[in-house]
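Shown here: structure.csv, CSV, C-alpha atoms.
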```csv
chain,number,residue,atom,x,y,z
K,1,MET,CA,31.7,2.9,21.4
K,2,LYS,CA,29.1,3.6,24.1
K,3,ARG,CA,28.3,6.9,22.5
K,4,GLN,CA,27.7,5.3,19.1
K,5,TYR,CA,25.4,2.7,20.8
K,6,ILE,CA,23.4,5.5,22.4
K,7,LEU,CA,23.1,7.4,19.1
K,8,ALA,CA,22.0,4.2,17.3
K,9,LEU,CA,19.4,3.5,19.9
K,10,ALA,CA,18.1,7.1,19.8
K,11,ALA,CA,17.9,6.9,16.0
K,12,ALA,CA,15.9,3.6,16.2
K,13,LEU,CA,13.5,5.1,18.7
K,14,ILE,CA,13.0,8.1,16.6
K,15,SER,CA,12.5,6.3,13.4
K,16,ALA,CA,10.3,3.5,14.8
K,17,PRO,CA,7.0,5.4,15.0
K,18,ALA,CA,7.3,6.6,11.4
K,19,SER,CA,7.8,3.0,10.1
K,20,TYR,CA,5.2,1.2,12.1
K,21,GLY,CA,2.8,3.8,13.2
K,22,GLN,CA,1.4,4.2,16.7
K,23,PHE,CA,-2.0,3.2,18.1
K,24,ALA,CA,-4.2,6.1,18.5
K,25,ALA,CA,-7.8,7.1,17.9
K,26,SER,CA,-6.9,7.8,14.3
K,27,GLY,CA,-4.0,7.2,12.0
K,28,THR,CA,-2.9,8.6,8.6
K,29,THR,CA,-1.1,7.0,5.7
K,30,THR,CA,0.3,8.7,2.6
K,31,LEU,CA,-0.8,7.2,-0.6
K,32,SER,CA,1.6,7.7,-3.5
K,33,VAL,CA,1.6,6.7,-7.1
K,34,THR,CA,4.0,7.3,-9.9
K,35,VAL,CA,2.4,7.9,-13.3
K,36,SER,CA,4.6,6.9,-16.1
K,37,ALA,CA,4.4,7.0,-19.9
K,38,GLU,CA,2.3,4.2,-21.2
K,39,ALA,CA,0.8,3.1,-24.5
K,40,ALA,CA,-1.5,0.4,-25.7
K,41,LEU,CA,-3.5,-0.4,-28.8
K,42,SER,CA,-6.2,-2.7,-30.0
K,43,VAL,CA,-6.7,-3.7,-33.6
K,44,THR,CA,-10.4,-3.7,-33.9
K,45,THR,CA,-10.5,-5.2,-37.4
K,46,SER,CA,-9.0,-8.6,-36.8
K,47,THR,CA,-9.2,-9.6,-40.5
K,48,THR,CA,-9.1,-7.1,-43.2
K,49,THR,CA,-10.3,-8.2,-46.6
K,50,LEU,CA,-8.8,-6.5,-49.6
K,51,ALA,CA,-11.1,-6.3,-52.5
K,52,ALA,CA,-10.9,-4.8,-56.0
K,53,LEU,CA,-13.8,-2.6,-56.8
K,54,GLY,CA,-14.8,-0.8,-60.0
K,55,THR,CA,-12.7,-1.0,-63.0
K,56,ILE,CA,-10.8,-4.2,-63.6
K,57,PHE,CA,-7.3,-4.4,-62.3
K,58,ASN,CA,-8.0,-1.6,-59.9
K,59,PRO,CA,-5.9,-2.2,-56.7
K,60,TYR,CA,-7.3,-4.3,-53.9
K,61,THR,CA,-8.2,-2.0,-51.0
K,62,GLY,CA,-9.4,-2.3,-47.5
K,63,THR,CA,-9.3,-0.6,-44.1
K,64,THR,CA,-7.9,-1.8,-40.8
K,65,ASN,CA,-9.2,0.1,-37.7
K,66,LEU,CA,-7.5,0.3,-34.4
K,67,THR,CA,-7.9,2.1,-31.0
K,68,TYR,CA,-5.0,3.4,-29.2
K,69,LYS,CA,-4.4,4.7,-25.6
K,70,ILE,CA,-1.3,6.7,-24.9
K,71,ARG,CA,0.3,8.9,-22.3
K,72,THR,CA,3.7,10.5,-23.0
K,73,THR,CA,6.0,12.3,-20.7
K,74,GLN,CA,5.5,16.0,-20.2
K,75,SER,CA,8.0,18.2,-22.1
K,76,THR,CA,10.3,15.5,-23.4
K,77,GLY,CA,8.1,12.5,-24.3
K,78,THR,CA,7.3,11.1,-27.7
K,79,GLY,CA,5.2,8.2,-29.1
K,80,ASN,CA,4.4,6.4,-32.2
K,81,VAL,CA,2.4,3.7,-33.9
K,82,THR,CA,4.1,1.6,-36.5
K,83,LEU,CA,3.3,-1.5,-38.5
K,84,LYS,CA,5.3,-4.2,-40.1
K,85,VAL,CA,4.4,-7.1,-42.3
K,86,THR,CA,5.4,-10.0,-40.1
K,87,SER,CA,4.2,-12.7,-42.5
K,88,ASP,CA,4.3,-12.2,-46.3
K,89,PHE,CA,1.4,-13.2,-48.5
K,90,SER,CA,1.1,-16.9,-48.9
K,91,PRO,CA,0.8,-19.2,-50.7
K,92,ALA,CA,3.2,-18.5,-53.5
K,93,ASN,CA,2.4,-17.1,-57.0
K,94,GLY,CA,0.4,-14.3,-55.6
K,95,PRO,CA,1.2,-10.8,-54.3
K,96,SER,CA,4.4,-10.5,-52.2
K,97,VAL,CA,5.7,-7.7,-50.0
K,98,THR,CA,9.2,-9.0,-50.0
K,99,THR,CA,9.6,-10.1,-53.6
K,100,PRO,CA,6.9,-8.7,-55.8
K,101,PRO,CA,6.6,-10.5,-59.1
K,102,THR,CA,6.7,-7.3,-61.0
K,103,ALA,CA,8.7,-4.2,-60.2
K,104,GLY,CA,6.4,-1.5,-58.8
K,105,ASP,CA,4.0,-4.0,-57.2
K,106,GLY,CA,3.5,-3.5,-53.5
K,107,LEU,CA,1.4,-3.1,-50.5
K,108,THR,CA,0.9,0.5,-49.6
K,109,TYR,CA,-1.2,2.4,-47.1
K,110,THR,CA,-2.4,5.8,-45.9
K,111,CYS,CA,-3.5,6.6,-42.4
K,112,THR,CA,-6.1,8.5,-40.4
K,113,ALA,CA,-5.7,9.2,-36.7
K,114,THR,CA,-7.6,11.4,-34.3
K,115,ALA,CA,-5.7,13.8,-32.0
K,116,PRO,CA,-3.5,13.8,-30.2
K,117,ALA,CA,-2.0,11.5,-32.9
K,118,THR,CA,-0.6,12.8,-36.2
K,119,GLY,CA,-1.2,10.3,-38.9
K,120,CYS,CA,1.3,9.3,-41.5
K,121,GLY,CA,1.2,12.1,-44.1
K,122,SER,CA,1.6,10.3,-47.4
K,123,VAL,CA,1.4,6.9,-49.1
K,124,THR,CA,3.7,4.5,-47.3
K,125,THR,CA,5.0,1.2,-48.5
K,126,ALA,CA,4.7,-1.6,-46.0
K,127,SER,CA,7.7,-3.8,-45.4
K,128,THR,CA,8.7,-7.1,-44.0
K,129,ALA,CA,12.1,-5.7,-43.1
K,130,SER,CA,11.3,-2.7,-41.0
K,131,ALA,CA,8.5,-1.0,-39.2
K,132,THR,CA,6.8,2.0,-40.9
K,133,SER,CA,4.9,4.8,-39.3
K,134,VAL,CA,1.2,5.0,-38.8
K,135,ALA,CA,1.0,7.8,-36.3
K,136,THR,CA,3.2,9.9,-34.1
K,137,PHE,CA,2.7,11.7,-30.8
K,138,GLY,CA,4.4,14.7,-29.1
K,139,ALA,CA,5.3,15.4,-25.5
K,140,GLY,CA,2.5,15.4,-23.0
K,141,ALA,CA,0.1,13.6,-25.3
K,142,SER,CA,-2.8,11.7,-23.7
K,143,SER,CA,-5.6,9.9,-25.3
K,144,ALA,CA,-9.1,9.5,-24.0
K,145,ASN,CA,-9.6,6.9,-21.3
K,146,ALA,CA,-11.6,4.8,-23.7
K,147,GLY,CA,-9.0,5.2,-26.4
K,148,ASN,CA,-8.8,7.1,-29.6
K,149,ALA,CA,-9.3,5.9,-33.2
K,150,ALA,CA,-6.8,5.4,-36.0
K,151,SER,CA,-6.9,3.5,-39.2
K,152,THR,CA,-4.9,2.2,-42.1
K,153,ILE,CA,-6.3,2.2,-45.6
K,154,TRP,CA,-4.5,-0.4,-47.7
K,155,SER,CA,-3.9,-0.7,-51.3
K,156,LEU,CA,-2.4,-3.8,-52.9
K,157,THR,CA,-1.4,-3.9,-56.6
K,158,ASN,CA,-3.6,-6.0,-58.7
K,159,ASP,CA,-1.1,-7.6,-61.0
K,160,PRO,CA,-2.4,-9.9,-63.8
K,161,VAL,CA,0.5,-12.2,-63.1
K,162,TYR,CA,-1.0,-13.2,-59.7
K,163,HIS,CA,-2.5,-16.6,-59.8
K,164,THR,CA,-6.1,-16.8,-58.8
K,165,GLY,CA,-6.8,-17.8,-55.3
K,166,SER,CA,-6.8,-16.4,-51.8
K,167,TYR,CA,-3.7,-15.0,-50.2
K,168,THR,CA,-3.0,-14.1,-46.6
K,169,ALA,CA,-0.4,-11.9,-44.9
K,170,THR,CA,0.0,-10.8,-41.3
K,171,VAL,CA,0.6,-7.2,-40.2
K,172,THR,CA,1.7,-6.3,-36.7
K,173,TYR,CA,1.0,-2.9,-35.2
K,174,THR,CA,3.2,-1.6,-32.4
K,175,ILE,CA,2.7,1.5,-30.2
K,176,SER,CA,5.3,3.0,-27.9
K,177,ALA,CA,5.6,6.0,-25.6
K,178,THR,CA,8.3,7.7,-23.7
H,1,MET,CA,30.7,-8.8,89.2
H,2,LYS,CA,27.5,-9.0,87.2
H,3,ARG,CA,29.5,-8.3,84.0
H,4,ARG,CA,32.0,-11.0,84.8
H,5,SER,CA,29.2,-13.5,85.4
H,6,LEU,CA,27.6,-12.7,82.1
H,7,GLU,CA,30.9,-13.3,80.3
H,8,GLU,CA,31.4,-16.6,82.0
H,9,ARG,CA,27.9,-17.7,81.0
H,10,GLU,CA,28.6,-16.7,77.4
H,11,LYS,CA,31.7,-18.8,77.3
H,12,GLN,CA,29.7,-21.7,78.5
H,13,GLY,CA,27.3,-21.2,75.6
H,14,ARG,CA,24.4,-20.8,78.0
H,15,CYS,CA,23.7,-17.2,77.2
H,16,ILE,CA,24.3,-14.5,74.6
H,17,SER,CA,24.6,-10.9,75.5
H,18,SER,CA,22.4,-8.4,73.7
H,19,HIS,CA,25.5,-6.3,73.5
H,20,THR,CA,27.4,-8.5,71.1
H,21,GLY,CA,28.1,-6.9,67.7
H,22,GLU,CA,25.2,-8.8,66.0
H,23,VAL,CA,22.4,-7.8,68.3
H,24,ALA,CA,23.3,-4.6,69.9
H,25,MET,CA,20.4,-2.6,68.6
H,26,PHE,CA,18.6,-0.8,71.3
H,27,SER,CA,21.2,0.0,73.9
H,28,GLU,CA,24.5,1.6,74.1
H,29,ARG,CA,27.5,0.3,76.1
H,30,THR,CA,29.3,2.7,78.2
H,31,THR,CA,32.6,2.0,79.8
H,32,ASP,CA,31.3,0.1,82.8
H,33,SER,CA,27.6,0.5,82.8
H,34,TYR,CA,24.4,0.3,80.6
H,35,THR,CA,22.2,3.3,79.7
H,36,VAL,CA,19.0,1.6,80.7
H,37,VAL,CA,16.5,4.4,80.2
H,38,PRO,CA,17.1,5.2,76.6
H,39,ARG,CA,17.0,1.5,75.8
H,40,LEU,CA,13.6,1.1,77.3
H,41,ALA,CA,12.3,4.1,75.5
H,42,ARG,CA,13.5,2.7,72.1
H,43,VAL,CA,11.9,-0.6,72.7
H,44,ALA,CA,8.7,1.0,73.6
H,45,ALA,CA,8.9,3.1,70.4
H,46,VAL,CA,9.4,0.0,68.4
H,47,LEU,CA,6.4,-1.7,70.0
H,48,ILE,CA,4.2,1.2,69.2
H,49,PHE,CA,5.2,1.8,65.7
H,50,ALA,CA,6.2,-1.7,64.5
H,51,PRO,CA,3.9,-3.5,62.1
H,52,GLY,CA,1.7,-6.1,63.5
H,53,PHE,CA,3.5,-9.0,61.8
H,54,LEU,CA,6.8,-8.1,63.6
H,55,LEU,CA,5.1,-8.4,66.8
H,56,GLY,CA,3.6,-11.8,65.9
H,57,ALA,CA,0.1,-10.5,65.6
H,58,THR,CA,-2.2,-11.2,62.6
H,59,GLY,CA,-4.9,-9.1,61.2
H,60,SER,CA,-6.9,-8.7,58.0
H,61,THR,CA,-8.6,-5.9,56.3
H,62,THR,CA,-10.7,-5.5,53.2
H,63,GLN,CA,-10.5,-2.8,50.5
H,64,THR,CA,-12.9,-2.4,47.6
H,65,LEU,CA,-11.2,-1.8,44.3
H,66,SER,CA,-13.3,-0.5,41.5
H,67,ALA,CA,-12.5,0.3,37.9
H,68,THR,CA,-14.7,1.6,35.1
H,69,ILE,CA,-13.9,-0.1,31.9
H,70,ASP,CA,-14.9,2.1,29.0
H,71,ALA,CA,-15.3,1.4,25.4
H,72,ILE,CA,-12.2,2.4,23.5
H,73,GLY,CA,-10.6,1.9,20.2
H,74,LYS,CA,-7.2,2.6,18.7
H,75,VAL,CA,-5.8,2.2,15.2
H,76,SER,CA,-2.3,2.1,13.7
H,77,VAL,CA,-1.6,2.3,10.0
H,78,PRO,CA,1.7,2.2,8.0
H,79,SER,CA,2.9,5.6,7.3
H,80,SER,CA,2.9,5.2,3.5
H,81,LEU,CA,1.5,3.0,0.7
H,82,THR,CA,2.7,3.0,-2.9
H,83,LEU,CA,0.2,2.1,-5.6
H,84,THR,CA,1.7,0.3,-8.6
H,85,SER,CA,0.6,-0.9,-11.9
H,86,ALA,CA,2.2,-4.1,-13.1
H,87,GLY,CA,1.9,-6.0,-16.3
H,88,THR,CA,-0.5,-4.8,-19.0
H,89,THR,CA,-0.5,-1.2,-19.9
H,90,PHE,CA,-3.2,1.0,-18.4
H,91,VAL,CA,-4.2,-1.6,-15.9
H,92,ALA,CA,-5.3,0.2,-12.7
H,93,TYR,CA,-2.8,1.0,-9.9
H,94,SER,CA,-3.2,-1.0,-6.8
H,95,GLY,CA,-1.8,-1.6,-3.4
H,96,ASN,CA,-2.6,-3.5,-0.2
H,97,LEU,CA,-2.7,-1.9,3.2
H,98,SER,CA,-2.8,-3.8,6.5
H,99,VAL,CA,-4.5,-1.7,9.2
H,100,SER,CA,-4.0,-2.7,12.9
H,101,TYR,CA,-6.5,-1.9,15.5
H,102,LYS,CA,-7.6,-2.6,19.1
H,103,ALA,CA,-11.1,-2.2,20.3
H,104,ARG,CA,-13.4,-2.8,23.2
H,105,THR,CA,-17.1,-2.0,22.7
H,106,THR,CA,-20.2,-1.9,24.7
H,107,THR,CA,-22.7,-1.4,22.0
H,108,SER,CA,-20.9,-0.9,18.7
H,109,GLY,CA,-17.9,0.6,16.9
H,110,SER,CA,-16.5,1.2,13.6
H,111,LEU,CA,-13.2,1.7,11.7
H,112,THR,CA,-13.5,4.2,8.8
H,113,LEU,CA,-11.3,6.0,6.4
H,114,LYS,CA,-11.5,9.4,4.7
H,115,ALA,CA,-9.2,11.1,2.3
H,116,THR,CA,-8.0,14.2,4.2
H,117,ALA,CA,-5.9,15.4,1.2
H,118,ASP,CA,-6.5,14.6,-2.4
H,119,PHE,CA,-3.8,13.7,-4.9
H,120,SER,CA,-1.4,16.4,-5.6
H,121,PRO,CA,0.0,18.1,-7.6
H,122,ALA,CA,-2.7,18.8,-10.1
H,123,GLY,CA,-2.9,16.9,-13.4
H,124,GLY,CA,-3.0,13.5,-11.9
H,125,PRO,CA,-5.5,11.2,-10.3
H,126,SER,CA,-8.4,12.6,-8.2
H,127,ILE,CA,-10.2,11.2,-5.3
H,128,THR,CA,-12.8,13.8,-5.5
H,129,SER,CA,-13.7,12.4,-8.9
H,130,GLY,CA,-14.2,9.0,-7.5
H,131,GLN,CA,-11.1,7.4,-9.0
H,132,LEU,CA,-9.9,5.7,-5.8
H,133,THR,CA,-11.7,2.6,-4.6
H,134,TYR,CA,-11.0,-0.1,-2.1
H,135,THR,CA,-12.2,-3.5,-0.8
H,136,CYS,CA,-11.7,-4.9,2.7
H,137,SER,CA,-11.0,-8.4,3.8
H,138,ALA,CA,-9.7,-10.6,6.6
H,139,ALA,CA,-10.9,-8.5,9.6
H,140,SER,CA,-9.8,-10.4,12.7
H,141,LEU,CA,-12.4,-8.5,14.8
H,142,GLY,CA,-15.7,-7.3,13.5
H,143,ALA,CA,-17.0,-7.4,10.0
H,144,ALA,CA,-14.9,-6.1,7.0
H,145,CYS,CA,-16.7,-3.8,4.6
H,146,SER,CA,-18.4,-5.7,1.8
H,147,GLY,CA,-18.2,-4.8,-1.9
H,148,THR,CA,-16.2,-2.0,-3.5
H,149,GLN,CA,-16.1,1.3,-1.6
H,150,THR,CA,-15.2,4.6,-3.1
H,151,VAL,CA,-12.9,6.8,-1.1
H,152,SER,CA,-14.3,10.2,-0.4
H,153,THR,CA,-12.8,13.5,0.7
H,154,ALA,CA,-16.2,14.6,2.0
H,155,SER,CA,-17.2,11.8,4.4
H,156,PRO,CA,-15.7,8.7,6.0
H,157,THR,CA,-16.5,5.3,4.5
H,158,ASN,CA,-16.6,2.0,6.3
H,159,VAL,CA,-13.7,-0.4,6.7
H,160,VAL,CA,-14.7,-2.5,9.7
H,161,THR,CA,-18.0,-2.7,11.7
H,162,LEU,CA,-17.7,-3.7,15.3
H,163,GLY,CA,-20.6,-5.3,17.1
H,164,ALA,CA,-21.6,-5.1,20.8
H,165,ASN,CA,-19.3,-6.4,23.5
H,166,VAL,CA,-16.3,-7.2,21.3
H,167,CYS,CA,-12.8,-6.9,22.5
H,168,THR,CA,-9.2,-7.3,21.3
H,169,GLY,CA,-6.9,-10.1,22.6
H,170,GLY,CA,-7.0,-12.6,25.3
H,171,GLY,CA,-9.2,-15.2,23.7
H,172,GLY,CA,-12.4,-16.4,25.2
H,173,SER,CA,-15.1,-13.8,24.4
H,174,CYS,CA,-12.4,-11.6,23.0
H,175,SER,CA,-10.4,-12.1,19.9
H,176,SER,CA,-7.3,-14.4,20.1
H,177,THR,CA,-5.2,-11.9,18.2
H,178,ASN,CA,-3.8,-8.7,19.6
H,179,PRO,CA,-3.8,-6.3,17.8
H,180,ASN,CA,-6.5,-7.1,15.3
H,181,SER,CA,-6.0,-6.3,11.6
H,182,VAL,CA,-7.9,-5.8,8.4
H,183,GLN,CA,-6.6,-5.8,4.8
H,184,SER,CA,-7.6,-2.9,2.5
H,185,THR,CA,-6.8,-3.2,-1.2
H,186,PHE,CA,-6.8,0.1,-3.0
H,187,THR,CA,-7.4,0.5,-6.7
H,188,LEU,CA,-6.7,3.7,-8.6
H,189,LEU,CA,-7.9,4.4,-12.1
H,190,ASN,CA,-5.1,4.5,-14.6
H,191,ASN,CA,-6.3,7.2,-17.0
H,192,PRO,CA,-4.2,8.2,-20.0
H,193,ALA,CA,-5.2,11.8,-19.2
H,194,PHE,CA,-3.0,11.7,-16.1
H,195,LYS,CA,0.1,13.7,-16.6
H,196,THR,CA,3.3,11.7,-15.9
H,197,GLY,CA,4.7,12.3,-12.5
H,198,THR,CA,4.4,11.3,-8.8
H,199,TYR,CA,1.3,12.1,-6.9
H,200,SER,CA,0.4,11.8,-3.2
H,201,ALA,CA,-2.7,11.8,-1.1
H,202,THR,CA,-3.4,11.4,2.6
H,203,LEU,CA,-5.9,8.9,4.0
H,204,THR,CA,-7.0,9.1,7.6
H,205,PHE,CA,-8.3,6.0,9.4
H,206,THR,CA,-10.5,6.6,12.5
H,207,ILE,CA,-11.8,4.1,15.0
H,208,SER,CA,-14.7,4.7,17.3
H,209,ALA,CA,-16.1,2.5,20.0
H,210,ILE,CA,-19.2,3.1,22.2
```

Encoded form (C-alpha cells):
Amino acid sequence: MKRQYILALAAALISAPASYGQFAASGTTTLSVTVSAEAALSVTTSTTTLAALGTIFNPYTGTTNLTYKIRTTQSTGTGNVTLKVTSDFSPANGPSVTTPPTAGDGLTYTCTATAPATGCGSVTTASTASATSVATFGAGASSANAGNAASTIWSLTNDPVYHTGSYTATVTYTISAT
Amino acid sequence: MKRRSLEEREKQGRCISSHTGEVAMFSERTTDSYTVVPRLARVAAVLIFAPGFLLGATGSTTQTLSATIDAIGKVSVPSSLTLTSAGTTFVAYSGNLSVSYKARTTTSGSLTLKATADFSPAGGPSITSGQLTYTCSAASLGAACSGTQTVSTASPTNVVTLGANVCTGGGGSCSSTNPNSVQSTFTLLNNPAFKTGTYSATLTFTISAI
C-alpha cells in the first residue's frame, strides 16, 4: 500500500511539469492541428432564368454557376457535387419534373467543372426523387483557397401543352468529401 | 557532621542540596566527600562561554543586511494547444492559450513569442507563409499586444509590453494577481490545399525584464 502511494506520488511529480509548465525565462508550447476532409460550395447564380431562344419550341435553357471548395483524404478520399430538385415547378399546368404532362418531357442538364473536379459526362435528367451527379473528385483532391468554378447548363422541354405563365422550381446542390 | 546537618535542613524544607537528582550538574558525589576543584572549574567554564542572557546580562548589536533586487521575468505556458475548426466548413482553425508570467522591471520588459519549429510534416499549414496569426487580450500586468500579429519563424513578435517599475503580486504598486496572465488567441488559415493529416509546430515564449 505504502509502495503504491509512493509510486503514485512520484508519477504525479513527474507528470506535473508537463501538464502545467514551469516558470522560466522562456517556455514552449506545441501547436497541433488535425486537417480533415472538408467541402463547401456557393451557388453564385441565385436565380437561373430559363429562356427559349431561336426557333420556336426550342427548349428553355439557362446556366447556373457555382464555386466549390474541397479537400479529400489522401489515398482513400472521394468527393462529389450533386443536385436534386427539391421543389417541382409550380403552379400547375406547366412543366413538371415529377409528372411531366407528356412522356419525354423533362429537365435535363450538362456540367462543366474545373480541375480537380470531373464534371458529369453526359446529359443527365434532374429528379425530385434522388440526387444526380454534377462533379466528382478523387483522393487527395484540393481546390484553390478561393474556390474553383463549376456550372450546370439546363435544358427544359418546351411543350406546347404548357399553359402560359411563369413557373418556378428549386434545385439544391450538395457537396461532400471523405 | 556537615552532611547530616544538610540532610536535616532539607527535611525541614529550608534548604535544597545541589546534589539532588534534579540539580546535580556541575559536581560529582563521591562516597563521603565532594570533588570541589572540578566543580569550580566547570562553573568557571560556563561563566566564560555561556551566552549573555543566561548570565542575566543584556546587550544589543546591529547588523546591516543588504540585498540587490534585480529585474527579472519568468514565463510558463501549457505544453500543448490544439487548434480546431468548428461549424462551417473551411472556417479557420483557432485556439486560445493562457500564458502565465511573473515580472519585476526597472525600466521595461516584454513577453514575446517566436515559432521555433514550423508545422510538420510537409503538405500542411505553414508559419513561414504567414498563415498563423494571433491576438492578445486580458494582460493582468503590462499592455497586451494590439491588433492581429503574424507569428514568425524569423523574429519574435510582441505579446505583452511591460513598463518601468512594474511587478507581479502583492498589490499596492504591484499587481494584485500572482502569477500574471495574458490570453493569446491563435488563428490558422484553413486552406483546401492542405493535405489531410495532423500537423505540429513549436512556439517559444520569452520574457525579458530590465

Interface rows for chain H against chain K: nearest pair, Å to one decimal, 7 Å, only C-alpha atoms, as a tab-separated table:
```
residue	atom	partner	partner_atom	distance
H:Gly73	CA	K:Ala25	CA	6.3
H:Lys74	CA	K:Ala25	CA	4.6
H:Val75	CA	K:Phe23	CA	4.9
H:Ser76	CA	K:Phe23	CA	4.5
H:Val77	CA	K:Gly21	CA	5.6
H:Pro78	CA	K:Tyr20	CA	5.5
H:Ser79	CA	K:Thr29	CA	4.5
H:Ser80	CA	K:Thr30	CA	4.5
H:Leu81	CA	K:Leu31	CA	5.0
H:Thr82	CA	K:Ser32	CA	4.9
H:Leu83	CA	K:Val33	CA	5.0
H:Thr84	CA	K:Val33	CA	6.6
H:Thr89	CA	K:Ala40	CA	6.1
H:Phe90	CA	K:Glu38	CA	7.0
H:Asn191	CA	K:Asn145	CA	5.4
H:Pro192	CA	K:Arg71	CA	5.1
H:Ala193	CA	K:Ser142	CA	5.1
H:Lys195	CA	K:Gln74	CA	6.9
H:Thr196	CA	K:Val35	CA	4.7
H:Gly197	CA	K:Val35	CA	5.0
H:Thr198	CA	K:Thr34	CA	4.2
H:Tyr199	CA	K:Val33	CA	5.4
H:Ser200	CA	K:Ser32	CA	4.3
H:Ala201	CA	K:Leu31	CA	5.0
H:Thr202	CA	K:Thr30	CA	4.6
H:Leu203	CA	K:Thr29	CA	5.4
H:Thr204	CA	K:Thr28	CA	4.2
H:Phe205	CA	K:Gly27	CA	5.2
H:Thr206	CA	K:Ser26	CA	4.2
H:Ile207	CA	K:Ala25	CA	5.8
```

Next item on the list: For atom CA of Thr128 of chain K and atom CA of Trp154 of chain K, quote the distance in Å rounded to one decimal.
Entry: 15.3 Å

Next item on the list: Could you check how far atom CA of Ser87 of chain K sits from atom CA of Tyr167 of chain K, in Å to one decimal?
Entry: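 It comes out at 11.3 Å.
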
Next item on the list: Identify the residues around (3.1, 2.2, -51.7) within a radius of 10 Å, measuring from only C-alpha atoms in the coordinates stated by the file, and give them as a PyMOL selection string.
Entry: chain K and resi 104-110+122-127+154-157

Margin query: Taking 4 positions as the minimum chain separation for residues in the same chain, which residues sit within 8 Å of Ile153 of chain K when counting only C-alpha atoms? Answer as a list in words.
Written below: Thr61, Gly62, Thr63, Thr64, Tyr109, Thr110 and Cys111 of chain K

Checklist line | Selection: 6 Å around Ser181 of chain H, all atoms listed in the file, excl. self and same-chain fewer than 5 positions, as a ChimeraX atom specification | finding: /H:99-101,139-140
